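Everything below belongs to structure.txt, which stores compact mmCIF, N, CA and C atoms.
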```txt
# COMPACT_ATOMS: atom_id res chain seq x y z
N MET A 246 -26.98 -108.09 47.16
CA MET A 246 -26.77 -106.73 47.55
C MET A 246 -28.09 -105.98 47.71
N ALA A 247 -29.17 -106.71 47.90
CA ALA A 247 -30.47 -106.08 48.07
C ALA A 247 -30.49 -105.20 49.31
N GLY A 248 -31.20 -104.10 49.21
CA GLY A 248 -31.32 -103.20 50.34
C GLY A 248 -30.20 -102.17 50.45
N ARG A 249 -29.16 -102.34 49.69
CA ARG A 249 -28.04 -101.39 49.73
C ARG A 249 -28.34 -100.26 48.76
N PRO A 250 -28.23 -99.01 49.20
CA PRO A 250 -28.53 -97.90 48.30
C PRO A 250 -27.53 -97.83 47.14
N VAL A 251 -28.04 -97.43 46.00
CA VAL A 251 -27.19 -97.28 44.83
C VAL A 251 -26.46 -95.94 44.94
N ILE A 252 -25.16 -95.99 44.80
CA ILE A 252 -24.35 -94.79 44.89
C ILE A 252 -23.95 -94.40 43.47
N GLY A 253 -24.18 -93.15 43.14
CA GLY A 253 -23.86 -92.69 41.81
C GLY A 253 -22.37 -92.46 41.61
N HIS A 254 -21.98 -92.48 40.35
CA HIS A 254 -20.58 -92.27 40.00
C HIS A 254 -20.07 -90.93 40.49
N ILE A 255 -20.90 -89.91 40.37
CA ILE A 255 -20.47 -88.57 40.78
C ILE A 255 -20.24 -88.52 42.29
N GLU A 256 -21.17 -89.06 43.06
CA GLU A 256 -21.04 -89.04 44.52
C GLU A 256 -19.79 -89.81 44.98
N LEU A 257 -19.57 -90.97 44.39
CA LEU A 257 -18.39 -91.77 44.75
C LEU A 257 -17.10 -91.04 44.37
N THR A 258 -17.06 -90.47 43.19
CA THR A 258 -15.87 -89.75 42.74
C THR A 258 -15.62 -88.52 43.60
N GLU A 259 -16.67 -87.78 43.94
CA GLU A 259 -16.53 -86.62 44.82
C GLU A 259 -15.94 -87.03 46.18
N THR A 260 -16.41 -88.14 46.70
CA THR A 260 -15.95 -88.60 48.00
C THR A 260 -14.49 -89.04 47.94
N LEU A 261 -14.11 -89.72 46.88
CA LEU A 261 -12.71 -90.12 46.72
C LEU A 261 -11.80 -88.89 46.58
N VAL A 262 -12.24 -87.91 45.81
CA VAL A 262 -11.45 -86.67 45.67
C VAL A 262 -11.28 -86.02 47.04
N ARG A 263 -12.37 -85.93 47.78
CA ARG A 263 -12.30 -85.32 49.12
C ARG A 263 -11.35 -86.10 50.03
N LEU A 264 -11.41 -87.43 49.99
CA LEU A 264 -10.50 -88.25 50.80
C LEU A 264 -9.05 -87.97 50.44
N TYR A 265 -8.74 -87.94 49.15
CA TYR A 265 -7.35 -87.70 48.73
C TYR A 265 -6.89 -86.29 49.06
N VAL A 266 -7.80 -85.32 49.01
CA VAL A 266 -7.45 -83.96 49.39
C VAL A 266 -7.09 -83.91 50.88
N PHE A 267 -7.91 -84.55 51.72
CA PHE A 267 -7.62 -84.55 53.16
C PHE A 267 -6.33 -85.32 53.47
N LEU A 268 -6.09 -86.42 52.78
CA LEU A 268 -4.83 -87.16 52.99
C LEU A 268 -3.64 -86.31 52.58
N THR A 269 -3.77 -85.58 51.48
CA THR A 269 -2.70 -84.69 51.03
C THR A 269 -2.46 -83.58 52.05
N GLN A 270 -3.53 -83.01 52.57
CA GLN A 270 -3.39 -81.97 53.59
C GLN A 270 -2.71 -82.52 54.84
N TYR A 271 -3.01 -83.75 55.17
CA TYR A 271 -2.37 -84.39 56.33
C TYR A 271 -0.85 -84.47 56.11
N LEU A 272 -0.44 -84.86 54.90
CA LEU A 272 0.99 -84.93 54.60
C LEU A 272 1.61 -83.55 54.47
N ASP A 273 0.85 -82.59 53.96
CA ASP A 273 1.37 -81.22 53.84
C ASP A 273 1.81 -80.67 55.20
N ARG A 274 1.12 -81.09 56.23
CA ARG A 274 1.46 -80.63 57.57
C ARG A 274 2.84 -81.10 58.00
N CYS A 275 3.30 -82.19 57.42
CA CYS A 275 4.64 -82.70 57.72
C CYS A 275 5.72 -81.87 57.03
N LEU A 276 5.36 -81.32 55.89
CA LEU A 276 6.34 -80.63 55.06
C LEU A 276 6.36 -79.12 55.26
N ASP A 277 5.30 -78.58 55.89
CA ASP A 277 5.17 -77.13 55.96
C ASP A 277 4.56 -76.72 57.31
N GLU A 278 5.33 -76.00 58.07
CA GLU A 278 4.89 -75.54 59.39
C GLU A 278 3.66 -74.64 59.28
N ALA A 279 3.61 -73.80 58.24
CA ALA A 279 2.47 -72.91 58.06
C ALA A 279 1.18 -73.70 57.83
N ALA A 280 1.28 -74.79 57.07
CA ALA A 280 0.11 -75.63 56.83
C ALA A 280 -0.37 -76.26 58.13
N ARG A 281 0.57 -76.63 58.97
CA ARG A 281 0.23 -77.24 60.26
C ARG A 281 -0.53 -76.25 61.14
N LYS A 282 -0.13 -74.99 61.11
CA LYS A 282 -0.76 -73.97 61.94
C LYS A 282 -2.09 -73.49 61.35
N ALA A 283 -2.20 -73.53 60.01
CA ALA A 283 -3.38 -72.99 59.34
C ALA A 283 -4.61 -73.88 59.50
N TYR A 284 -4.42 -75.15 59.70
CA TYR A 284 -5.54 -76.08 59.75
C TYR A 284 -5.45 -76.87 61.05
N PRO A 285 -6.28 -76.58 62.02
CA PRO A 285 -6.20 -77.25 63.33
C PRO A 285 -6.27 -78.78 63.21
N ASP A 286 -5.46 -79.47 64.02
CA ASP A 286 -5.41 -80.93 64.00
C ASP A 286 -6.78 -81.56 64.13
N GLU A 287 -7.55 -81.11 65.11
CA GLU A 287 -8.85 -81.72 65.40
C GLU A 287 -9.79 -81.61 64.20
N GLU A 288 -9.77 -80.45 63.55
CA GLU A 288 -10.66 -80.24 62.41
C GLU A 288 -10.27 -81.14 61.24
N LEU A 289 -8.99 -81.18 60.91
CA LEU A 289 -8.54 -82.03 59.82
C LEU A 289 -8.82 -83.49 60.12
N GLU A 290 -8.49 -83.93 61.32
CA GLU A 290 -8.71 -85.33 61.69
C GLU A 290 -10.18 -85.70 61.65
N ALA A 291 -11.06 -84.78 62.05
CA ALA A 291 -12.51 -85.04 62.00
C ALA A 291 -12.98 -85.19 60.55
N HIS A 292 -12.56 -84.27 59.69
CA HIS A 292 -12.95 -84.35 58.27
C HIS A 292 -12.39 -85.62 57.63
N LEU A 293 -11.15 -85.93 57.92
CA LEU A 293 -10.51 -87.12 57.35
C LEU A 293 -11.21 -88.38 57.82
N SER A 294 -11.52 -88.46 59.10
CA SER A 294 -12.18 -89.64 59.65
C SER A 294 -13.57 -89.84 59.04
N THR A 295 -14.33 -88.76 58.97
CA THR A 295 -15.68 -88.83 58.40
C THR A 295 -15.64 -89.24 56.93
N THR A 296 -14.76 -88.61 56.19
CA THR A 296 -14.67 -88.90 54.75
C THR A 296 -14.16 -90.32 54.52
N ARG A 297 -13.22 -90.76 55.33
CA ARG A 297 -12.72 -92.13 55.21
C ARG A 297 -13.84 -93.14 55.48
N SER A 298 -14.63 -92.90 56.49
CA SER A 298 -15.75 -93.80 56.80
C SER A 298 -16.77 -93.84 55.66
N GLN A 299 -17.09 -92.66 55.12
CA GLN A 299 -18.03 -92.60 54.00
C GLN A 299 -17.49 -93.37 52.80
N THR A 300 -16.20 -93.17 52.53
CA THR A 300 -15.58 -93.84 51.39
C THR A 300 -15.62 -95.35 51.56
N MET A 301 -15.25 -95.83 52.73
CA MET A 301 -15.23 -97.27 52.98
C MET A 301 -16.63 -97.87 52.85
N GLU A 302 -17.63 -97.14 53.32
CA GLU A 302 -19.00 -97.63 53.19
C GLU A 302 -19.39 -97.74 51.71
N MET A 303 -19.02 -96.74 50.92
CA MET A 303 -19.34 -96.76 49.49
C MET A 303 -18.60 -97.88 48.77
N LEU A 304 -17.41 -98.21 49.24
CA LEU A 304 -16.59 -99.21 48.56
C LEU A 304 -16.87 -100.65 49.01
N THR A 305 -17.84 -100.83 49.88
CA THR A 305 -18.14 -102.20 50.32
C THR A 305 -18.58 -103.09 49.16
N VAL A 306 -19.02 -102.50 48.07
CA VAL A 306 -19.43 -103.29 46.91
C VAL A 306 -18.24 -103.93 46.20
N ASN A 307 -17.02 -103.43 46.48
CA ASN A 307 -15.83 -103.99 45.86
C ASN A 307 -14.73 -104.14 46.91
N PRO A 308 -14.64 -105.33 47.52
CA PRO A 308 -13.68 -105.53 48.60
C PRO A 308 -12.21 -105.31 48.19
N VAL A 309 -11.89 -105.56 46.95
CA VAL A 309 -10.51 -105.38 46.49
C VAL A 309 -10.13 -103.90 46.51
N VAL A 310 -10.97 -103.07 45.93
CA VAL A 310 -10.71 -101.63 45.91
C VAL A 310 -10.77 -101.07 47.33
N LYS A 311 -11.73 -101.51 48.11
CA LYS A 311 -11.84 -101.06 49.49
C LYS A 311 -10.55 -101.38 50.25
N GLY A 312 -10.02 -102.57 50.07
CA GLY A 312 -8.77 -102.96 50.73
C GLY A 312 -7.60 -102.09 50.30
N LYS A 313 -7.53 -101.78 49.01
CA LYS A 313 -6.46 -100.92 48.51
C LYS A 313 -6.53 -99.52 49.12
N VAL A 314 -7.73 -98.96 49.19
CA VAL A 314 -7.90 -97.62 49.73
C VAL A 314 -7.61 -97.62 51.24
N GLU A 315 -8.07 -98.66 51.94
CA GLU A 315 -7.77 -98.77 53.38
C GLU A 315 -6.27 -98.84 53.62
N THR A 316 -5.58 -99.65 52.83
CA THR A 316 -4.12 -99.78 52.96
C THR A 316 -3.44 -98.45 52.69
N GLU A 317 -3.91 -97.75 51.68
CA GLU A 317 -3.33 -96.45 51.34
C GLU A 317 -3.54 -95.44 52.47
N CYS A 318 -4.74 -95.41 53.02
CA CYS A 318 -5.02 -94.49 54.14
C CYS A 318 -4.13 -94.82 55.33
N ASP A 319 -4.03 -96.09 55.66
CA ASP A 319 -3.20 -96.51 56.80
C ASP A 319 -1.74 -96.11 56.58
N ARG A 320 -1.26 -96.29 55.34
CA ARG A 320 0.13 -95.95 55.02
C ARG A 320 0.37 -94.44 55.16
N VAL A 321 -0.53 -93.64 54.65
CA VAL A 321 -0.40 -92.18 54.73
C VAL A 321 -0.44 -91.71 56.18
N LEU A 322 -1.38 -92.23 56.95
CA LEU A 322 -1.49 -91.82 58.34
C LEU A 322 -0.27 -92.25 59.15
N ALA A 323 0.27 -93.43 58.87
CA ALA A 323 1.48 -93.88 59.57
C ALA A 323 2.68 -93.03 59.19
N LEU A 324 2.79 -92.69 57.91
CA LEU A 324 3.88 -91.82 57.46
C LEU A 324 3.80 -90.45 58.12
N GLY A 325 2.61 -89.89 58.14
CA GLY A 325 2.43 -88.58 58.75
C GLY A 325 2.77 -88.60 60.24
N ALA A 326 2.33 -89.64 60.93
CA ALA A 326 2.61 -89.75 62.35
C ALA A 326 4.11 -89.90 62.60
N ALA A 327 4.77 -90.70 61.78
CA ALA A 327 6.23 -90.88 61.92
C ALA A 327 6.97 -89.58 61.66
N CYS A 328 6.49 -88.84 60.69
CA CYS A 328 7.13 -87.56 60.34
C CYS A 328 6.97 -86.55 61.47
N LEU A 329 5.77 -86.47 62.01
CA LEU A 329 5.51 -85.48 63.06
C LEU A 329 6.23 -85.82 64.36
N LYS A 330 6.55 -87.11 64.56
CA LYS A 330 7.31 -87.52 65.74
C LYS A 330 8.76 -87.05 65.64
N GLY A 331 9.27 -87.06 64.43
CA GLY A 331 10.68 -86.68 64.24
C GLY A 331 11.59 -87.85 64.54
N GLY A 332 12.75 -87.57 65.08
CA GLY A 332 13.69 -88.63 65.40
C GLY A 332 14.81 -88.73 64.39
N THR A 333 15.59 -89.78 64.53
CA THR A 333 16.80 -89.92 63.72
C THR A 333 16.51 -90.23 62.26
N GLY A 334 15.45 -90.91 61.96
CA GLY A 334 15.15 -91.28 60.57
C GLY A 334 14.25 -90.30 59.86
N LYS A 335 14.15 -89.08 60.35
CA LYS A 335 13.21 -88.11 59.79
C LYS A 335 13.49 -87.78 58.32
N THR A 336 14.75 -87.73 57.92
CA THR A 336 15.08 -87.42 56.52
C THR A 336 14.50 -88.47 55.58
N ALA A 337 14.65 -89.73 55.95
CA ALA A 337 14.10 -90.82 55.12
C ALA A 337 12.58 -90.75 55.09
N VAL A 338 11.98 -90.45 56.23
CA VAL A 338 10.52 -90.35 56.30
C VAL A 338 10.03 -89.19 55.44
N LEU A 339 10.74 -88.07 55.46
CA LEU A 339 10.36 -86.92 54.64
C LEU A 339 10.37 -87.27 53.15
N GLU A 340 11.34 -88.05 52.73
CA GLU A 340 11.39 -88.48 51.33
C GLU A 340 10.19 -89.36 50.99
N ASP A 341 9.83 -90.25 51.91
CA ASP A 341 8.65 -91.10 51.72
C ASP A 341 7.37 -90.26 51.67
N VAL A 342 7.30 -89.24 52.52
CA VAL A 342 6.15 -88.35 52.54
C VAL A 342 6.03 -87.62 51.21
N LYS A 343 7.13 -87.12 50.70
CA LYS A 343 7.11 -86.42 49.41
C LYS A 343 6.66 -87.35 48.28
N ALA A 344 7.15 -88.58 48.29
CA ALA A 344 6.77 -89.54 47.26
C ALA A 344 5.28 -89.89 47.36
N GLU A 345 4.82 -90.12 48.57
CA GLU A 345 3.40 -90.44 48.77
C GLU A 345 2.51 -89.27 48.39
N ARG A 346 2.96 -88.06 48.70
CA ARG A 346 2.20 -86.87 48.36
C ARG A 346 2.07 -86.72 46.84
N ALA A 347 3.13 -87.05 46.13
CA ALA A 347 3.09 -86.98 44.66
C ALA A 347 2.06 -87.97 44.10
N VAL A 348 2.01 -89.15 44.67
CA VAL A 348 1.02 -90.15 44.24
C VAL A 348 -0.39 -89.62 44.50
N LEU A 349 -0.62 -89.08 45.69
CA LEU A 349 -1.94 -88.55 46.02
C LEU A 349 -2.32 -87.39 45.10
N LYS A 350 -1.35 -86.56 44.76
CA LYS A 350 -1.61 -85.43 43.86
C LYS A 350 -2.08 -85.94 42.50
N HIS A 351 -1.39 -86.94 41.96
CA HIS A 351 -1.77 -87.49 40.65
C HIS A 351 -3.15 -88.14 40.68
N LYS A 352 -3.44 -88.85 41.76
CA LYS A 352 -4.76 -89.47 41.88
C LYS A 352 -5.84 -88.41 41.97
N THR A 353 -5.58 -87.36 42.73
CA THR A 353 -6.56 -86.29 42.89
C THR A 353 -6.82 -85.60 41.55
N ILE A 354 -5.78 -85.35 40.80
CA ILE A 354 -5.94 -84.71 39.49
C ILE A 354 -6.76 -85.60 38.56
N ALA A 355 -6.42 -86.89 38.52
CA ALA A 355 -7.14 -87.82 37.65
C ALA A 355 -8.62 -87.91 38.05
N LEU A 356 -8.87 -88.03 39.33
CA LEU A 356 -10.26 -88.13 39.79
C LEU A 356 -11.01 -86.82 39.56
N SER A 357 -10.36 -85.69 39.72
CA SER A 357 -11.00 -84.39 39.47
C SER A 357 -11.38 -84.25 38.00
N ASP A 358 -10.51 -84.71 37.12
CA ASP A 358 -10.82 -84.68 35.69
C ASP A 358 -12.00 -85.60 35.37
N LEU A 359 -12.00 -86.78 35.96
CA LEU A 359 -13.10 -87.72 35.76
C LEU A 359 -14.40 -87.12 36.29
N LEU A 360 -14.35 -86.49 37.44
CA LEU A 360 -15.51 -85.85 38.02
C LEU A 360 -16.05 -84.76 37.09
N ALA A 361 -15.17 -83.98 36.50
CA ALA A 361 -15.60 -82.94 35.57
C ALA A 361 -16.33 -83.54 34.36
N VAL A 362 -15.85 -84.67 33.88
CA VAL A 362 -16.49 -85.33 32.74
C VAL A 362 -17.86 -85.86 33.16
N PHE A 363 -17.95 -86.49 34.33
CA PHE A 363 -19.24 -86.99 34.81
C PHE A 363 -20.25 -85.85 34.93
N ARG A 364 -19.80 -84.73 35.48
CA ARG A 364 -20.72 -83.59 35.66
C ARG A 364 -21.15 -82.97 34.34
N ALA A 365 -20.31 -83.07 33.33
CA ALA A 365 -20.63 -82.48 32.02
C ALA A 365 -21.64 -83.31 31.23
N GLN A 366 -21.82 -84.54 31.61
CA GLN A 366 -22.77 -85.41 30.86
C GLN A 366 -24.20 -85.11 31.18
```

As structure tokens, the full file:
Amino acid sequence: MAGRPVIGHIELTETLVRLYVFLTQYLDRCLDEAARKAYPDEELEAHLSTTRSQTMEMLTVNPVVKGKVETECDRVLALGAACLKGGTGKTAVLEDVKAERAVLKHKTIALSDLLAVFRAQ
């Protein structure tokens, strides 16, 4: 791993928190029309794309975790796209969106707490 910059715990945790916040905002747009109007698609997608790329680069040191985060991002984006399309299965998709959003919320809370501890040291 020579030549690869060392990434600090705080920077990595901040980036993961930011990724989960953007993924949550993406799902919020499925559940709330006001959220969809308040945050332009292009802006959210740009922030999400940039943060996802940064996160994946940081996680190259651990392919297992990187794979899990990539799978999670793909799942959230697919759910959001399916929800925004609508159609006959929208009720089932909305339930999946709510469940996925709850998972993201818990991860964000846990990572935010961890970040606070890192910053306090």

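The space between atom C of Gly325 (chain A) and CA of Val342 (chain A) spans 8.4 Å.
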
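Using only C-alpha atoms, the shortest contact distance between Thr258 (chain A) and any of A:Thr300, A:Asp286, A:Ala280, A:Cys328 is found at A:Thr300.
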
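Separating atom C of Leu264 (chain A) from CA of Arg297 (chain A) is a distance of 7.3 Å.
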
(Q) Can you measure CA of Ala355 (chain A) to CA of Thr305 (chain A) for me? One decimal in Å is fine. (A) 22.1 Å

Q) Hey, can you pull every residue with an atom no more than 8 Å from (-3.9, -83.4, 47.6), using all atoms listed in the file, and send it as a PyMOL selection string? A) chain A and resi 262+264-271+273+346+348-354

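When only C-alpha atoms are used to measure the gap to Ala365 (chain A), the shortest distance among A:Ile255, A:Leu289, A:Leu324, A:Val310 belongs to A:Ile255.
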
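Between Glu302 (chain A) and the candidates A:Ala326, A:Val314, A:Thr336, A:Phe363, the tightest atom-to-atom separation, counting only C-alpha atoms, involves A:Val314.
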
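Considering the residues A:Val306, A:Ala361, A:Leu257, A:Leu276 and counting only C-alpha atoms, Ala344 (chain A) has its shortest atom-to-atom contact with A:Leu276.
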
Q: Rank nothing, just name the residue among A:Glu315, A:Val321, A:Val362, A:Lys282 nearest to Ala347 (chain A), using only C-alpha atoms.
A: A:Val321

Step by step: locate region 301-312 of chain A in the block above, keep all heavy atoms, then write the file as a PDB file, in the first residue's frame.
```pdb
ATOM      1  N   MET A 301     -15.587   5.717  -1.704  1.00  0.00           N
ATOM      2  CA  MET A 301     -15.049   4.502  -2.327  1.00  0.00           C
ATOM      3  C   MET A 301     -13.528   4.555  -2.407  1.00  0.00           C
ATOM      4  O   MET A 301     -12.861   3.541  -2.183  1.00  0.00           O
ATOM      5  CB  MET A 301     -15.653   4.291  -3.720  1.00  0.00           C
ATOM      6  CG  MET A 301     -17.133   3.974  -3.717  1.00  0.00           C
ATOM      7  SD  MET A 301     -17.570   2.627  -2.615  1.00  0.00           S
ATOM      8  CE  MET A 301     -18.980   3.334  -1.819  1.00  0.00           C
ATOM      9  N   GLU A 302     -12.990   5.728  -2.699  1.00  0.00           N
ATOM     10  CA  GLU A 302     -11.533   5.872  -2.747  1.00  0.00           C
ATOM     11  C   GLU A 302     -10.930   5.601  -1.366  1.00  0.00           C
ATOM     12  O   GLU A 302      -9.930   4.902  -1.245  1.00  0.00           O
ATOM     13  CB  GLU A 302     -11.159   7.284  -3.223  1.00  0.00           C
ATOM     14  CG  GLU A 302      -9.669   7.548  -3.243  1.00  0.00           C
ATOM     15  CD  GLU A 302      -8.881   6.651  -4.181  1.00  0.00           C
ATOM     16  OE1 GLU A 302      -9.439   6.207  -5.211  1.00  0.00           O
ATOM     17  OE2 GLU A 302      -7.697   6.370  -3.877  1.00  0.00           O
ATOM     18  N   MET A 303     -11.552   6.143  -0.328  1.00  0.00           N
ATOM     19  CA  MET A 303     -11.052   5.931   1.038  1.00  0.00           C
ATOM     20  C   MET A 303     -11.153   4.470   1.455  1.00  0.00           C
ATOM     21  O   MET A 303     -10.327   3.985   2.229  1.00  0.00           O
ATOM     22  CB  MET A 303     -11.844   6.794   2.029  1.00  0.00           C
ATOM     23  CG  MET A 303     -11.590   8.253   1.909  1.00  0.00           C
ATOM     24  SD  MET A 303     -12.685   9.138   3.058  1.00  0.00           S
ATOM     25  CE  MET A 303     -12.026  10.784   2.920  1.00  0.00           C
ATOM     26  N   LEU A 304     -12.160   3.781   0.955  1.00  0.00           N
ATOM     27  CA  LEU A 304     -12.392   2.395   1.368  1.00  0.00           C
ATOM     28  C   LEU A 304     -11.618   1.369   0.541  1.00  0.00           C
ATOM     29  O   LEU A 304     -11.754   0.169   0.782  1.00  0.00           O
ATOM     30  CB  LEU A 304     -13.889   2.079   1.316  1.00  0.00           C
ATOM     31  CG  LEU A 304     -14.759   2.840   2.325  1.00  0.00           C
ATOM     32  CD1 LEU A 304     -16.232   2.512   2.118  1.00  0.00           C
ATOM     33  CD2 LEU A 304     -14.333   2.546   3.754  1.00  0.00           C
ATOM     34  N   THR A 305     -10.800   1.817  -0.374  1.00  0.00           N
ATOM     35  CA  THR A 305     -10.029   0.861  -1.178  1.00  0.00           C
ATOM     36  C   THR A 305      -9.106   0.004  -0.313  1.00  0.00           C
ATOM     37  O   THR A 305      -8.713  -1.081  -0.738  1.00  0.00           O
ATOM     38  CB  THR A 305      -9.205   1.557  -2.281  1.00  0.00           C
ATOM     39  OG1 THR A 305      -8.350   2.525  -1.691  1.00  0.00           O
ATOM     40  CG2 THR A 305     -10.097   2.191  -3.323  1.00  0.00           C
ATOM     41  N   VAL A 306      -8.794   0.461   0.879  1.00  0.00           N
ATOM     42  CA  VAL A 306      -7.935  -0.312   1.779  1.00  0.00           C
ATOM     43  C   VAL A 306      -8.642  -1.549   2.324  1.00  0.00           C
ATOM     44  O   VAL A 306      -7.996  -2.462   2.823  1.00  0.00           O
ATOM     45  CB  VAL A 306      -7.417   0.547   2.959  1.00  0.00           C
ATOM     46  CG1 VAL A 306      -6.544   1.684   2.456  1.00  0.00           C
ATOM     47  CG2 VAL A 306      -8.548   1.066   3.812  1.00  0.00           C
ATOM     48  N   ASN A 307      -9.982  -1.572   2.228  1.00  0.00           N
ATOM     49  CA  ASN A 307     -10.739  -2.722   2.723  1.00  0.00           C
ATOM     50  C   ASN A 307     -11.818  -3.085   1.704  1.00  0.00           C
ATOM     51  O   ASN A 307     -12.928  -2.530   1.753  1.00  0.00           O
ATOM     52  CB  ASN A 307     -11.358  -2.405   4.087  1.00  0.00           C
ATOM     53  CG  ASN A 307     -11.969  -3.623   4.741  1.00  0.00           C
ATOM     54  OD1 ASN A 307     -12.607  -4.441   4.081  1.00  0.00           O
ATOM     55  ND2 ASN A 307     -11.774  -3.740   6.041  1.00  0.00           N
ATOM     56  N   PRO A 308     -11.502  -4.020   0.801  1.00  0.00           N
ATOM     57  CA  PRO A 308     -12.449  -4.365  -0.260  1.00  0.00           C
ATOM     58  C   PRO A 308     -13.794  -4.905   0.241  1.00  0.00           C
ATOM     59  O   PRO A 308     -14.813  -4.716  -0.414  1.00  0.00           O
ATOM     60  CB  PRO A 308     -11.717  -5.437  -1.070  1.00  0.00           C
ATOM     61  CG  PRO A 308     -10.280  -5.328  -0.687  1.00  0.00           C
ATOM     62  CD  PRO A 308     -10.243  -4.729   0.680  1.00  0.00           C
ATOM     63  N   VAL A 309     -13.812  -5.542   1.387  1.00  0.00           N
ATOM     64  CA  VAL A 309     -15.061  -6.086   1.923  1.00  0.00           C
ATOM     65  C   VAL A 309     -16.005  -4.948   2.305  1.00  0.00           C
ATOM     66  O   VAL A 309     -17.172  -4.926   1.906  1.00  0.00           O
ATOM     67  CB  VAL A 309     -14.807  -7.025   3.126  1.00  0.00           C
ATOM     68  CG1 VAL A 309     -16.111  -7.452   3.781  1.00  0.00           C
ATOM     69  CG2 VAL A 309     -13.998  -8.244   2.689  1.00  0.00           C
ATOM     70  N   VAL A 310     -15.505  -3.991   3.058  1.00  0.00           N
ATOM     71  CA  VAL A 310     -16.327  -2.856   3.471  1.00  0.00           C
ATOM     72  C   VAL A 310     -16.703  -2.020   2.250  1.00  0.00           C
ATOM     73  O   VAL A 310     -17.857  -1.594   2.118  1.00  0.00           O
ATOM     74  CB  VAL A 310     -15.603  -1.996   4.535  1.00  0.00           C
ATOM     75  CG1 VAL A 310     -16.395  -0.736   4.844  1.00  0.00           C
ATOM     76  CG2 VAL A 310     -15.370  -2.806   5.799  1.00  0.00           C
ATOM     77  N   LYS A 311     -15.768  -1.814   1.352  1.00  0.00           N
ATOM     78  CA  LYS A 311     -16.051  -1.060   0.134  1.00  0.00           C
ATOM     79  C   LYS A 311     -17.195  -1.719  -0.641  1.00  0.00           C
ATOM     80  O   LYS A 311     -18.122  -1.047  -1.095  1.00  0.00           O
ATOM     81  CB  LYS A 311     -14.811  -0.969  -0.745  1.00  0.00           C
ATOM     82  CG  LYS A 311     -15.036  -0.168  -2.005  1.00  0.00           C
ATOM     83  CD  LYS A 311     -13.780  -0.114  -2.862  1.00  0.00           C
ATOM     84  CE  LYS A 311     -14.083   0.659  -4.139  1.00  0.00           C
ATOM     85  NZ  LYS A 311     -12.984   0.613  -5.086  1.00  0.00           N
ATOM     86  N   GLY A 312     -17.161  -3.035  -0.764  1.00  0.00           N
ATOM     87  CA  GLY A 312     -18.223  -3.766  -1.461  1.00  0.00           C
ATOM     88  C   GLY A 312     -19.572  -3.607  -0.780  1.00  0.00           C
ATOM     89  O   GLY A 312     -20.601  -3.431  -1.445  1.00  0.00           O
TER      90      GLY A 312
END
```
